[in-house]
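Structure file work.txt (compact mmCIF, C-alpha atoms) follows.
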```txt
# COMPACT_ATOMS: atom_id res chain seq x y z
CA MET A 1 8.71 17.41 -15.49
CA ILE A 2 6.62 20.19 -17.06
CA PRO A 3 3.29 19.20 -18.64
CA THR A 4 2.12 20.58 -21.97
CA ALA A 5 -0.20 23.58 -21.77
CA PHE A 6 -3.82 22.84 -20.90
CA GLU A 7 -7.07 24.63 -20.12
CA TYR A 8 -8.51 24.26 -16.63
CA HIS A 9 -12.18 24.15 -15.72
CA ARG A 10 -13.44 23.75 -12.15
CA ALA A 11 -16.82 22.05 -12.44
CA LYS A 12 -19.64 23.23 -10.14
CA SER A 13 -21.86 20.20 -10.72
CA VAL A 14 -21.81 16.85 -12.46
CA ASP A 15 -23.84 18.32 -15.35
CA ASP A 16 -21.35 21.19 -15.62
CA ALA A 17 -18.47 18.66 -15.74
CA LEU A 18 -20.17 16.57 -18.43
CA GLU A 19 -20.86 19.69 -20.53
CA ALA A 20 -17.24 20.79 -20.22
CA MET A 21 -16.12 17.32 -21.30
CA ALA A 22 -18.43 17.44 -24.33
CA ALA A 23 -17.00 20.87 -25.21
CA SER A 24 -13.39 19.70 -24.89
CA GLY A 25 -13.36 18.15 -28.34
CA GLY A 26 -12.45 14.67 -27.14
CA ASN A 27 -9.25 15.88 -25.47
CA GLY A 28 -10.55 16.49 -21.96
CA LYS A 29 -9.66 14.65 -18.74
CA PHE A 30 -11.44 14.61 -15.43
CA VAL A 31 -9.17 15.24 -12.45
CA ALA A 32 -9.93 14.91 -8.74
CA GLY A 33 -6.91 14.25 -6.49
CA GLY A 34 -4.63 14.12 -9.53
CA HIS A 35 -2.27 11.58 -7.97
CA SER A 36 -2.29 9.29 -10.97
CA LEU A 37 -2.97 11.78 -13.76
CA VAL A 38 -0.59 14.62 -12.88
CA PRO A 39 2.57 12.44 -12.80
CA LEU A 40 1.59 11.07 -16.23
CA MET A 41 1.14 14.63 -17.49
CA LYS A 42 4.54 15.64 -16.15
CA LEU A 43 6.09 12.76 -18.08
CA ARG A 44 3.96 13.82 -21.09
CA LEU A 45 2.48 10.34 -21.28
CA SER A 46 -0.87 12.11 -20.98
CA GLU A 47 -1.44 15.48 -22.67
CA PRO A 48 -5.04 16.54 -22.07
CA GLY A 49 -6.17 19.80 -23.71
CA THR A 50 -8.61 20.51 -20.89
CA LEU A 51 -8.51 19.42 -17.25
CA ILE A 52 -11.97 19.31 -15.74
CA ASP A 53 -11.66 19.43 -11.95
CA ILE A 54 -14.42 17.44 -10.26
CA ALA A 55 -12.89 17.49 -6.76
CA ARG A 56 -15.14 20.23 -5.36
CA ILE A 57 -18.53 19.20 -6.73
CA PRO A 58 -20.78 19.10 -3.62
CA GLU A 59 -22.92 16.21 -4.90
CA LEU A 60 -19.82 13.98 -5.27
CA ALA A 61 -18.70 14.39 -1.65
CA GLY A 62 -19.57 12.62 1.54
CA ILE A 63 -20.40 9.30 3.15
CA ARG A 64 -24.06 8.53 3.93
CA GLU A 65 -26.35 5.68 4.89
CA ALA A 66 -29.67 5.18 3.15
CA GLY A 67 -31.98 2.18 2.93
CA GLY A 68 -29.55 -0.12 4.73
CA GLN A 69 -26.76 0.70 2.30
CA ILE A 70 -23.71 2.94 2.58
CA GLU A 71 -22.90 5.31 -0.24
CA ILE A 72 -19.54 7.06 -0.64
CA GLY A 73 -19.35 9.99 -3.05
CA ALA A 74 -16.65 9.58 -5.68
CA ALA A 75 -14.74 12.72 -4.71
CA THR A 76 -14.46 11.69 -1.05
CA VAL A 77 -10.78 11.66 -0.07
CA HIS A 78 -9.15 8.59 1.49
CA HIS A 79 -8.61 10.41 4.80
CA ALA A 80 -12.36 11.05 5.14
CA VAL A 81 -13.03 7.36 4.42
CA ALA A 82 -10.35 6.25 6.90
CA THR A 83 -11.74 8.43 9.70
CA SER A 84 -15.49 8.06 9.07
CA THR A 85 -17.19 6.86 12.27
CA LEU A 86 -20.10 5.52 10.18
CA LEU A 87 -17.73 3.25 8.26
CA GLN A 88 -15.68 2.36 11.33
CA ASP A 89 -18.86 1.24 13.11
CA ARG A 90 -20.75 -0.45 10.28
CA CYS A 91 -18.14 -1.55 7.73
CA PRO A 92 -14.65 -1.16 9.22
CA VAL A 93 -12.88 -2.86 6.30
CA VAL A 94 -13.33 0.25 4.15
CA SER A 95 -11.77 2.60 6.72
CA GLU A 96 -9.05 0.09 7.44
CA ALA A 97 -8.09 -0.16 3.76
CA ALA A 98 -8.23 3.60 3.21
CA ALA A 99 -5.86 4.10 6.14
CA THR A 100 -3.21 1.94 4.40
CA ILE A 101 -3.13 4.04 1.22
CA GLY A 102 0.06 6.01 0.57
CA ASP A 103 0.82 8.51 3.30
CA THR A 104 -1.04 11.40 4.97
CA GLN A 105 -0.55 13.78 2.05
CA VAL A 106 -1.81 11.19 -0.44
CA ARG A 107 -4.83 10.37 1.71
CA ASN A 108 -5.78 14.03 1.94
CA ARG A 109 -5.91 14.46 -1.85
CA GLY A 110 -6.57 11.05 -3.40
CA THR A 111 -10.23 10.07 -3.86
CA ILE A 112 -12.06 6.76 -3.82
CA GLY A 113 -13.55 7.44 -7.26
CA GLY A 114 -10.14 8.26 -8.69
CA SER A 115 -8.65 5.07 -7.30
CA LEU A 116 -11.44 2.96 -8.84
CA ALA A 117 -11.42 4.75 -12.21
CA HIS A 118 -7.63 4.54 -12.60
CA ALA A 119 -7.61 0.84 -11.60
CA ASP A 120 -3.93 0.58 -10.79
CA PRO A 121 -3.18 -3.16 -10.47
CA SER A 122 -1.87 -2.54 -6.94
CA ALA A 123 -4.57 -0.15 -5.70
CA ASP A 124 -6.35 -1.16 -2.50
CA MET A 125 -9.97 -0.10 -3.03
CA PRO A 126 -10.75 -2.29 -6.08
CA ALA A 127 -10.25 -5.42 -3.94
CA VAL A 128 -12.34 -4.03 -1.08
CA MET A 129 -15.22 -2.99 -3.34
CA GLN A 130 -15.28 -6.44 -4.95
CA ALA A 131 -15.34 -8.20 -1.58
CA LEU A 132 -18.28 -6.00 -0.55
CA ASP A 133 -20.02 -6.71 -3.87
CA ALA A 134 -20.34 -2.94 -4.28
CA GLU A 135 -22.15 -1.17 -7.07
CA ILE A 136 -20.39 1.64 -8.89
CA GLN A 137 -22.64 4.44 -10.05
CA LEU A 138 -21.75 6.21 -13.29
CA GLN A 139 -23.07 9.27 -15.05
CA GLY A 140 -22.50 10.36 -18.64
CA ALA A 141 -24.10 12.32 -21.43
CA LYS A 142 -26.60 9.49 -21.96
CA GLY A 143 -27.68 9.33 -18.30
CA THR A 144 -26.81 7.20 -15.32
CA ARG A 145 -26.04 3.51 -14.97
CA THR A 146 -24.80 1.12 -12.30
CA VAL A 147 -22.08 -1.51 -12.68
CA LYS A 148 -21.15 -4.23 -10.19
CA ALA A 149 -17.56 -3.82 -8.96
CA VAL A 150 -16.82 -7.40 -9.99
CA ASP A 151 -17.67 -6.47 -13.61
CA PHE A 152 -16.17 -2.97 -13.56
CA PHE A 153 -12.50 -4.04 -13.48
CA GLN A 154 -11.61 -5.59 -16.82
CA GLY A 155 -7.84 -5.43 -17.26
CA LEU A 156 -4.67 -3.44 -16.68
CA PHE A 157 -5.86 0.15 -16.02
CA THR A 158 -9.02 -0.87 -17.90
CA VAL A 159 -12.52 -0.44 -16.50
CA ASP A 160 -16.10 -0.31 -17.78
CA LEU A 161 -16.11 3.47 -18.11
CA GLN A 162 -17.20 5.00 -21.42
CA PRO A 163 -15.57 8.18 -22.79
CA GLY A 164 -17.04 11.18 -20.98
CA GLU A 165 -18.50 9.12 -18.14
CA ILE A 166 -17.62 9.75 -14.50
CA ILE A 167 -18.03 7.72 -11.33
CA THR A 168 -20.45 9.52 -9.03
CA ALA A 169 -20.52 7.13 -6.06
CA VAL A 170 -20.03 3.59 -4.77
CA ARG A 171 -22.75 1.82 -2.82
CA PHE A 172 -22.69 -1.38 -0.76
CA ALA A 173 -24.43 -3.22 2.03
CA PRO A 174 -22.19 -2.83 5.09
CA VAL A 175 -20.44 -5.95 6.36
CA LYS A 176 -19.03 -5.86 9.88
CA THR A 177 -17.16 -9.17 9.55
CA ALA A 178 -14.78 -8.02 6.86
CA ALA A 179 -11.08 -7.10 6.89
CA TYR A 180 -8.25 -6.01 4.58
CA LYS A 181 -4.62 -7.12 4.89
CA LYS A 182 -1.77 -6.26 2.57
CA LEU A 183 1.94 -6.64 1.98
CA TYR A 184 3.24 -3.09 1.62
CA GLN A 185 5.52 -2.01 -1.18
CA LYS A 186 7.85 -0.01 1.04
CA ALA A 187 8.29 3.02 -1.24
CA SER A 188 4.79 3.74 -2.52
CA HIS A 189 2.75 1.85 0.08
CA TYR A 190 0.80 0.28 -2.76
CA ALA A 191 -0.12 -3.39 -2.18
CA ILE A 192 2.34 -6.01 -3.44
CA VAL A 193 -0.51 -8.33 -2.52
CA GLY A 194 -3.74 -7.19 -0.83
CA ILE A 195 -6.69 -9.31 0.26
CA ALA A 196 -10.12 -8.09 1.30
CA ALA A 197 -12.31 -10.71 2.95
CA ALA A 198 -16.02 -10.27 3.70
CA LEU A 199 -17.64 -13.12 5.63
CA ASP A 200 -21.10 -14.15 6.68
CA VAL A 201 -20.51 -15.82 10.06
CA LYS A 202 -23.14 -17.67 12.10
CA ASN A 203 -22.62 -19.92 15.13
CA GLY A 204 -18.85 -19.95 14.69
CA LYS A 205 -19.07 -21.04 11.06
CA ILE A 206 -18.41 -19.20 7.82
CA GLN A 207 -21.70 -19.42 5.89
CA SER A 208 -20.30 -17.69 2.83
CA ALA A 209 -17.26 -15.59 1.92
CA ARG A 210 -16.34 -12.98 -0.66
CA ILE A 211 -12.62 -12.47 -1.26
CA GLY A 212 -11.08 -9.65 -3.33
CA LEU A 213 -7.44 -9.81 -4.44
CA THR A 214 -5.29 -6.91 -5.64
CA GLY A 215 -1.61 -6.49 -6.54
CA ALA A 216 -1.09 -9.99 -7.85
CA THR A 217 -2.67 -9.75 -11.31
CA THR A 218 -3.40 -7.15 -14.02
CA HIS A 219 -6.50 -6.06 -12.16
CA ALA A 220 -8.31 -6.81 -8.91
CA VAL A 221 -10.35 -10.02 -8.98
CA ARG A 222 -12.57 -12.19 -6.80
CA LEU A 223 -11.08 -15.52 -5.64
CA SER A 224 -14.11 -17.76 -6.20
CA LYS A 225 -12.29 -21.04 -5.49
CA LEU A 226 -11.16 -19.75 -2.12
CA GLU A 227 -14.69 -18.46 -1.43
CA GLN A 228 -16.01 -21.99 -2.01
CA ALA A 229 -13.27 -23.53 0.14
CA LEU A 230 -14.16 -21.23 3.03
CA ALA A 231 -17.92 -21.81 2.96
CA GLY A 232 -18.96 -24.05 5.84
CA GLN A 233 -15.59 -23.83 7.64
CA ALA A 234 -15.33 -23.16 11.36
CA THR A 235 -13.77 -19.81 12.27
CA THR A 236 -10.86 -21.48 14.05
CA ALA A 237 -7.28 -20.61 13.13
CA GLU A 238 -6.66 -24.22 12.12
CA ALA A 239 -9.62 -24.45 9.73
CA ILE A 240 -8.90 -21.05 8.14
CA ASP A 241 -5.21 -21.89 7.78
CA LYS A 242 -6.09 -25.08 5.94
CA ALA A 243 -8.71 -23.47 3.69
CA THR A 244 -6.46 -20.58 2.63
CA ALA A 245 -3.16 -22.47 2.28
CA ALA A 246 -3.48 -23.07 -1.47
CA ALA A 247 -5.21 -19.76 -2.27
CA GLY A 248 -2.42 -18.64 -4.59
CA THR A 249 -2.06 -21.77 -6.67
CA GLY A 250 -5.06 -21.15 -8.92
CA VAL A 251 -4.23 -17.51 -9.64
CA GLU A 252 -3.13 -17.12 -13.26
CA ASP A 253 -0.71 -14.63 -14.85
CA VAL A 254 0.75 -13.37 -11.59
CA ASN A 255 2.63 -10.05 -11.81
CA ALA A 256 6.40 -9.85 -11.41
CA ASP A 257 8.41 -6.63 -10.98
CA ILE A 258 11.42 -5.26 -9.12
CA HIS A 259 9.55 -5.49 -5.82
CA ALA A 260 8.41 -9.12 -5.93
CA SER A 261 8.60 -12.16 -8.19
CA ALA A 262 5.51 -14.05 -9.36
CA GLU A 263 6.46 -16.98 -7.11
CA TYR A 264 6.65 -14.78 -4.00
CA ARG A 265 3.42 -12.94 -4.83
CA ARG A 266 1.63 -16.26 -5.34
CA ALA A 267 2.81 -17.48 -1.94
CA MET A 268 1.75 -14.23 -0.30
CA VAL A 269 -1.80 -14.59 -1.65
CA GLY A 270 -2.27 -17.52 0.72
CA VAL A 271 -0.59 -15.77 3.66
CA PHE A 272 -2.63 -12.58 3.37
CA ALA A 273 -5.84 -14.46 2.62
CA LYS A 274 -5.38 -16.26 5.92
CA ARG A 275 -4.69 -13.02 7.78
CA ALA A 276 -7.64 -11.18 6.23
CA VAL A 277 -10.08 -14.04 6.89
CA LEU A 278 -8.86 -14.42 10.49
CA ALA A 279 -9.23 -10.67 11.08
CA ALA A 280 -12.69 -10.67 9.51
CA ALA A 281 -13.82 -13.66 11.60
CA ALA A 282 -12.51 -11.94 14.75
CA ARG A 283 -15.09 -9.17 14.13
CA ALA A 284 -18.00 -11.62 14.40
CA MET B 1 19.95 -3.92 16.89
CA LEU B 2 17.14 -6.28 17.78
CA LEU B 3 15.30 -7.44 14.69
CA GLU B 4 12.58 -9.99 14.03
CA ILE B 5 11.66 -11.56 10.71
CA ASP B 6 8.15 -12.66 9.83
CA ARG B 7 8.42 -16.37 9.01
CA GLU B 8 5.53 -16.24 6.56
CA THR B 9 6.43 -13.10 4.59
CA GLY B 10 10.14 -12.55 5.24
CA GLU B 11 9.45 -8.98 6.33
CA PRO B 12 12.10 -7.72 8.76
CA LYS B 13 11.05 -5.47 11.62
CA LEU B 14 13.33 -3.54 13.95
CA LEU B 15 12.38 -3.92 17.60
CA ARG B 16 15.26 -2.12 19.36
CA VAL B 17 18.06 0.16 18.25
CA VAL B 18 20.73 0.96 20.84
CA ALA B 19 23.52 3.36 19.84
CA ALA B 20 26.56 4.38 21.89
CA ASP B 21 28.98 6.99 20.61
CA ASP B 22 31.96 8.94 21.84
CA ALA B 23 32.03 12.40 20.32
CA GLY B 24 34.30 13.85 23.00
CA ASN B 25 32.97 17.00 24.65
CA LEU B 26 29.45 17.69 23.39
CA ILE B 27 29.20 21.43 22.66
CA ASN B 28 25.49 21.10 21.75
CA PRO B 29 24.11 17.70 22.85
CA LEU B 30 20.79 18.24 21.04
CA ILE B 31 22.51 18.63 17.67
CA VAL B 32 24.75 15.62 18.36
CA GLU B 33 21.67 13.51 19.13
CA GLY B 34 19.95 14.74 15.97
CA GLN B 35 22.99 13.87 13.86
CA ILE B 36 23.08 10.34 15.28
CA HIS B 37 19.31 9.90 14.73
CA GLY B 38 19.74 10.94 11.10
CA GLY B 39 22.78 8.74 10.69
CA LEU B 40 20.98 5.71 12.09
CA ALA B 41 18.03 6.30 9.76
CA GLN B 42 20.33 6.58 6.76
CA GLY B 43 22.40 3.55 7.69
CA ILE B 44 19.39 1.36 8.49
CA GLY B 45 17.64 2.49 5.31
CA GLN B 46 20.74 1.51 3.35
CA ALA B 47 20.60 -2.01 4.77
CA MET B 48 16.85 -2.56 4.56
CA ILE B 49 15.02 -0.63 1.85
CA GLU B 50 17.07 1.98 -0.05
CA GLU B 51 17.93 0.02 -3.16
CA ALA B 52 18.94 1.41 -6.54
CA VAL B 53 17.89 -1.19 -9.11
CA TYR B 54 19.14 -1.14 -12.72
CA ASN B 55 18.08 -3.35 -15.60
CA GLU B 56 20.56 -5.12 -17.87
CA ASP B 57 20.69 -2.06 -20.17
CA GLY B 58 21.76 0.18 -17.31
CA GLN B 59 18.38 1.87 -17.03
CA LEU B 60 17.60 2.95 -13.46
CA LEU B 61 14.33 1.26 -12.45
CA THR B 62 14.00 2.94 -9.06
CA GLY B 63 13.94 6.43 -10.54
CA SER B 64 11.25 7.93 -8.31
CA PHE B 65 10.09 7.70 -4.72
CA MET B 66 7.26 5.46 -5.92
CA ASP B 67 9.89 2.72 -6.30
CA TYR B 68 12.90 3.91 -4.28
CA ALA B 69 12.00 3.55 -0.62
CA LEU B 70 13.24 6.10 1.91
CA PRO B 71 12.81 5.25 5.58
CA ARG B 72 9.95 6.96 7.39
CA ALA B 73 9.64 7.59 11.12
CA THR B 74 7.16 4.70 11.32
CA ASP B 75 9.88 2.28 10.13
CA PHE B 76 11.82 2.73 13.38
CA PRO B 77 11.44 2.03 17.09
CA MET B 78 12.55 4.79 19.49
CA PHE B 79 16.33 5.04 19.35
CA GLU B 80 18.06 4.33 22.67
CA MET B 81 21.07 6.63 22.88
CA HIS B 82 24.15 6.36 25.07
CA SER B 83 27.48 8.16 25.00
CA THR B 84 30.87 8.07 26.56
CA CYS B 85 33.11 11.12 26.69
CA THR B 86 36.78 10.95 25.77
CA PRO B 87 37.84 14.50 24.88
CA THR B 88 40.19 14.63 21.93
CA PRO B 89 43.56 16.21 22.71
CA VAL B 90 44.05 17.55 19.19
CA ASN B 91 41.73 20.57 19.40
CA PRO B 92 41.02 23.04 22.20
CA LEU B 93 37.30 22.10 22.44
CA GLY B 94 37.92 18.38 22.94
CA ALA B 95 35.06 17.73 20.46
CA LYS B 96 35.00 15.14 17.65
CA GLY B 97 33.09 14.97 14.42
CA VAL B 98 29.79 13.10 14.70
CA GLY B 99 28.14 13.63 11.32
CA GLU B 100 28.35 10.05 10.07
CA ALA B 101 28.86 8.16 13.31
CA GLY B 102 25.37 6.66 13.30
CA THR B 103 25.59 5.65 9.66
CA LEU B 104 28.79 3.63 9.79
CA GLY B 105 27.84 1.14 12.46
CA SER B 106 24.13 0.76 11.81
CA THR B 107 24.26 -0.75 8.33
CA PRO B 108 26.34 -3.82 9.21
CA ALA B 109 24.60 -4.11 12.60
CA VAL B 110 21.18 -4.52 10.93
CA VAL B 111 22.47 -7.12 8.49
CA CYS B 112 24.25 -8.99 11.29
CA ALA B 113 20.99 -9.00 13.28
CA ALA B 114 19.20 -10.57 10.30
CA VAL B 115 21.95 -13.19 9.92
CA ASP B 116 21.59 -14.00 13.61
CA ALA B 117 17.79 -14.20 13.33
CA LEU B 118 18.14 -16.69 10.46
CA SER B 119 20.96 -18.70 12.06
CA GLU B 120 18.60 -21.65 12.62
CA PHE B 121 18.54 -21.99 8.82
CA GLY B 122 22.34 -22.25 8.70
CA VAL B 123 22.79 -18.67 7.48
CA LYS B 124 26.23 -17.09 7.98
CA HIS B 125 26.07 -14.25 5.45
CA ILE B 126 23.43 -12.22 3.61
CA ASP B 127 24.16 -9.55 1.02
CA MET B 128 22.30 -6.26 1.49
CA MET B 129 19.36 -5.40 0.94
CA LEU B 130 17.17 -7.17 3.46
CA ARG B 131 14.33 -7.49 0.96
CA PRO B 132 11.37 -9.48 2.30
CA GLU B 133 11.41 -11.85 -0.67
CA LYS B 134 15.13 -12.58 -0.17
CA LEU B 135 14.60 -13.44 3.50
CA TRP B 136 11.48 -15.48 2.63
CA ARG B 137 13.54 -17.50 0.12
CA ILE B 138 16.14 -18.26 2.78
CA ILE B 139 13.44 -19.38 5.23
CA GLN B 140 11.82 -21.51 2.50
CA GLY B 141 15.17 -23.13 1.70
CA LYS B 142 15.18 -21.63 -1.79
CA GLY B 143 18.69 -20.19 -1.48
CA GLY B 144 20.04 -16.65 -1.33
CA ALA B 145 22.38 -16.93 1.63
CA ALA B 146 25.82 -18.31 2.40
```
Entire entry expressed as structure tokens:
Amino acid sequence: MIPTAFEYHRAKSVDDALEAMAASGGNGKFVAGGHSLVPLMKLRLSEPGTLIDIARIPELAGIREAGGQIEIGAATVHHAVATSTLLQDRCPVVSEAAATIGDTQVRNRGTIGGSLAHADPSADMPAVMQALDAEIQLQGAKGTRTVKAVDFFQGLFTVDLQPGEIITAVRFAPVKTAAYKKLYQKASHYAIVGIAAALDVKNGKIQSARIGLTGATTHAVRLSKLEQALAGQATTAEAIDKATAAAGTGVEDVNADIHASAEYRRAMVGVFAKRAVLAAAARA
Amino acid sequence: MLLEIDRETGEPKLLRVVAADDAGNLINPLIVEGQIHGGLAQGIGQAMIEEAVYNEDGQLLTGSFMDYALPRATDFPMFEMHSTCTPTPVNPLGAKGVGEAGTLGSTPAVVCAAVDALSEFGVKHIDMMLRPEKLWRIIQGKGGAA
């Protein structure tokens, strides 16, 4: 329960954080909320020599709108995302998903950047960011770059993040007709299965759909077959029920653990896809 | 207990909890009510979510609160409390112990409510816990009940 000794550096800026990482001799770790890293340190599964705290860097905080897009700073805590009136008005799916994370204490410390960088297979935000086709902005010693959320998540706890790079923000075009529904794991409130659905609805018909799935596989993915099945469908309960019924059948390598078998998870993909799409369509 | 089960997910949800106890003369009714609230939470948690899971080697898999679920206030409806008063003759206060009164009855009551909810599927018995997947399997006709 007691981590090994480590140095602690509170970064004042992104540049300061990157310099501290370079000076750490390859044994540094960035920390923001610490919800994923600190438990690993207490179990001594992670033994960083230097913790570089990026939680209070002003340029990493806040939610803003610019050029028709919404940008959320990486160190913005889930509670701020859940209660943002900008997000609630323009892109309620993000607030809705943030409000389902953990409990009040978790939401007041955990950050959106930390959730994306850690890429827990049951985390909520990776599915939401994929459904919104968000871009993830990164900064490292070699400069900045942008990665599409759909390409960022590569495997179990594995993302397109180079050593010494940090997430600075996520950016997406707001979608009003989007929703997130999940089956709660009752202890942690992680998603056993979570579905984020973002729809383009015109004249009572789904023109196109983007569906993000989390909890069911090693990492969050888009459900492209379901997206195709939904395109052109009416937004009636009957049509959506039919289009989503088989959503789980094509999902490969479904997770199984003490909370849910692969068979149950697969069945719940269809159930929560239906609920998310119905809720998204109801916002049209 | 009034309980409903989501047909699609198997998730059980408590709608009403009514508890009636007889603790004799209540010296401090507020404390008695608090004890019964806590007992109900413990007993309902025992039936629904508090599960210690071991693997075949005897390793505890629910070793932290990330995996071992404790009930939260949001898991419950408001408790409806009633009491009768039959003073005990065996002590001068006429008061009875109440520490575990809520616990004892609530666990079987929750499971019985689930059995009743699933009676249309021919269910007469379910082992604790009321895990959503277990209830979903019963609804799907995949077994798990007697």
Expected answer as a ChimeraX atom specification: chain A residues within 9 Å of chain B, all atoms listed in the file: /A:183,185-190,258-261,264,267-268,271
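Proximity ranking of A:Gln88, A:Thr144, A:Ser36, A:Ser24 relative to A:Thr111 places A:Ser36 first, based on only C-alpha atoms.
Of the residues listed (B:Asp22, B:Glu51, B:Asp116, B:Glu56), B:Asp22 shows the shortest atom-to-atom separation from B:Ile36; distances use all atoms listed in the file.
Computed from the coordinates, the atom CA of A:Leu87 to atom CA of A:Leu161 distance equals 26.4 Å.
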Atomic distance atom CA of A:Leu213 - atom CA of A:Ala243, expressed in Å with one decimal: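 These two atoms are separated by 15.9 Å.
Among the candidates B:Gly45, B:Gly63, B:Pro77, B:Pro29, the residue lying nearest to B:Leu14 is B:Pro77 (atoms considered: only C-alpha atoms).
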Close residues, stretch 91-102 of chain A itself excluded, 9 Å, only C-alpha atoms, min 3 positions apart in chain, as an MDAnalysis selection string: chainID A and resid 70 78:88 105:107 112 123:125 128:129 173:182 184 187:191 196:198 280
Separation of atom CA of A:Val38 from atom CA of A:Ala5, in Å and rounded to one decimal: 12.6 Å
Listed atoms of stretch 257-274 of chain A, axis-aligned box, 5 Å per side: centre and edge lengths to one decimal in Å, as AutoDock Vina command-line options?
```
--center_x 2.8 --center_y -11.4 --center_z -2.5 --size_x 27.3 --size_y 22.3 --size_z 26.9
```
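The smallest atom-to-atom distance between B:Ala117 and any of B:Leu104, B:Leu2, B:Ala20, B:Ile27, using all atoms listed in the file, is found for B:Leu2.
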Protein and nucleic acid residues near (15.7, -13.7, 4.9) (cut-off 12 Å, only C-alpha atoms) as a PyMOL selection string: chain B and resi 3-13+48+111-146
Option closest in space to A:Ser122, from A:Ala220, A:Val77, A:Ala246, A:Ile52 [counting only C-alpha atoms]: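 Using only C-alpha atoms, A:Ser122 sits closest to A:Ala220.
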Nearest candidate to A:Pro39 (options A:Pro3, A:Gly194, A:Pro126, A:Gly270; using all atoms listed in the file): A:Pro3
A:Gly33 surroundings by all atoms listed in the file, 7 Å radius, close-in-sequence under 4 positions cut, as a PyMOL selection string: chain A and resi 55+109-111
Polymer residues at most 12 Å from A:Leu40, only C-alpha atoms, same-chain spacing of 5 or more positions, as a PyMOL selection string: chain A and resi 1-4+34-35+45-48+118
Reconstruct stretch 260-276 of chain A at the level of N, CA and C atoms, and format the result as an mmCIF file, in the coordinates of the input.
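Result saved to rebuild_16.cif:
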```cif
data_model
loop_
_atom_site.group_PDB
_atom_site.id
_atom_site.type_symbol
_atom_site.label_atom_id
_atom_site.label_comp_id
_atom_site.auth_asym_id
_atom_site.auth_seq_id
_atom_site.Cartn_x
_atom_site.Cartn_y
_atom_site.Cartn_z
ATOM 1 N N ALA A 260 8.762 -7.746 -6.312
ATOM 2 C CA ALA A 260 8.410 -9.120 -5.930
ATOM 3 C C ALA A 260 8.260 -9.977 -7.185
ATOM 4 N N SER A 261 8.750 -11.210 -7.090
ATOM 5 C CA SER A 261 8.600 -12.160 -8.190
ATOM 6 C C SER A 261 7.180 -12.733 -8.188
ATOM 7 N N ALA A 262 6.827 -13.402 -9.278
ATOM 8 C CA ALA A 262 5.510 -14.050 -9.360
ATOM 9 C C ALA A 262 5.388 -15.145 -8.295
ATOM 10 N N GLU A 263 6.485 -15.881 -8.094
ATOM 11 C CA GLU A 263 6.460 -16.980 -7.110
ATOM 12 C C GLU A 263 6.174 -16.472 -5.693
ATOM 13 N N TYR A 264 6.830 -15.371 -5.340
ATOM 14 C CA TYR A 264 6.650 -14.780 -4.000
ATOM 15 C C TYR A 264 5.237 -14.216 -3.853
ATOM 16 N N ARG A 265 4.790 -13.495 -4.890
ATOM 17 C CA ARG A 265 3.420 -12.940 -4.830
ATOM 18 C C ARG A 265 2.399 -14.061 -4.643
ATOM 19 N N ARG A 266 2.572 -15.143 -5.416
ATOM 20 C CA ARG A 266 1.630 -16.260 -5.340
ATOM 21 C C ARG A 266 1.584 -16.825 -3.918
ATOM 22 N N ALA A 267 2.763 -16.961 -3.311
ATOM 23 C CA ALA A 267 2.810 -17.480 -1.940
ATOM 24 C C ALA A 267 2.146 -16.512 -0.960
ATOM 25 N N MET A 268 2.314 -15.225 -1.212
ATOM 26 C CA MET A 268 1.750 -14.230 -0.300
ATOM 27 C C MET A 268 0.225 -14.137 -0.408
ATOM 28 N N VAL A 269 -0.335 -14.567 -1.531
ATOM 29 C CA VAL A 269 -1.800 -14.590 -1.650
ATOM 30 C C VAL A 269 -2.390 -15.459 -0.541
ATOM 31 N N GLY A 270 -1.797 -16.624 -0.330
ATOM 32 C CA GLY A 270 -2.270 -17.520 0.720
ATOM 33 C C GLY A 270 -2.075 -16.928 2.107
ATOM 34 N N VAL A 271 -0.908 -16.330 2.336
ATOM 35 C CA VAL A 271 -0.590 -15.770 3.660
ATOM 36 C C VAL A 271 -1.563 -14.646 4.010
ATOM 37 N N PHE A 272 -1.779 -13.732 3.056
ATOM 38 C CA PHE A 272 -2.630 -12.580 3.370
ATOM 39 C C PHE A 272 -4.112 -12.921 3.321
ATOM 40 N N ALA A 273 -4.464 -13.970 2.562
ATOM 41 C CA ALA A 273 -5.840 -14.460 2.620
ATOM 42 C C ALA A 273 -6.133 -14.973 4.020
ATOM 43 N N LYS A 274 -5.198 -15.742 4.567
ATOM 44 C CA LYS A 274 -5.380 -16.260 5.920
ATOM 45 C C LYS A 274 -5.532 -15.119 6.923
ATOM 46 N N ARG A 275 -4.655 -14.126 6.814
ATOM 47 C CA ARG A 275 -4.690 -13.020 7.780
ATOM 48 C C ARG A 275 -5.978 -12.207 7.661
ATOM 49 N N ALA A 276 -6.419 -11.975 6.420
ATOM 50 C CA ALA A 276 -7.640 -11.180 6.230
ATOM 51 C C ALA A 276 -8.863 -11.951 6.743
#
```
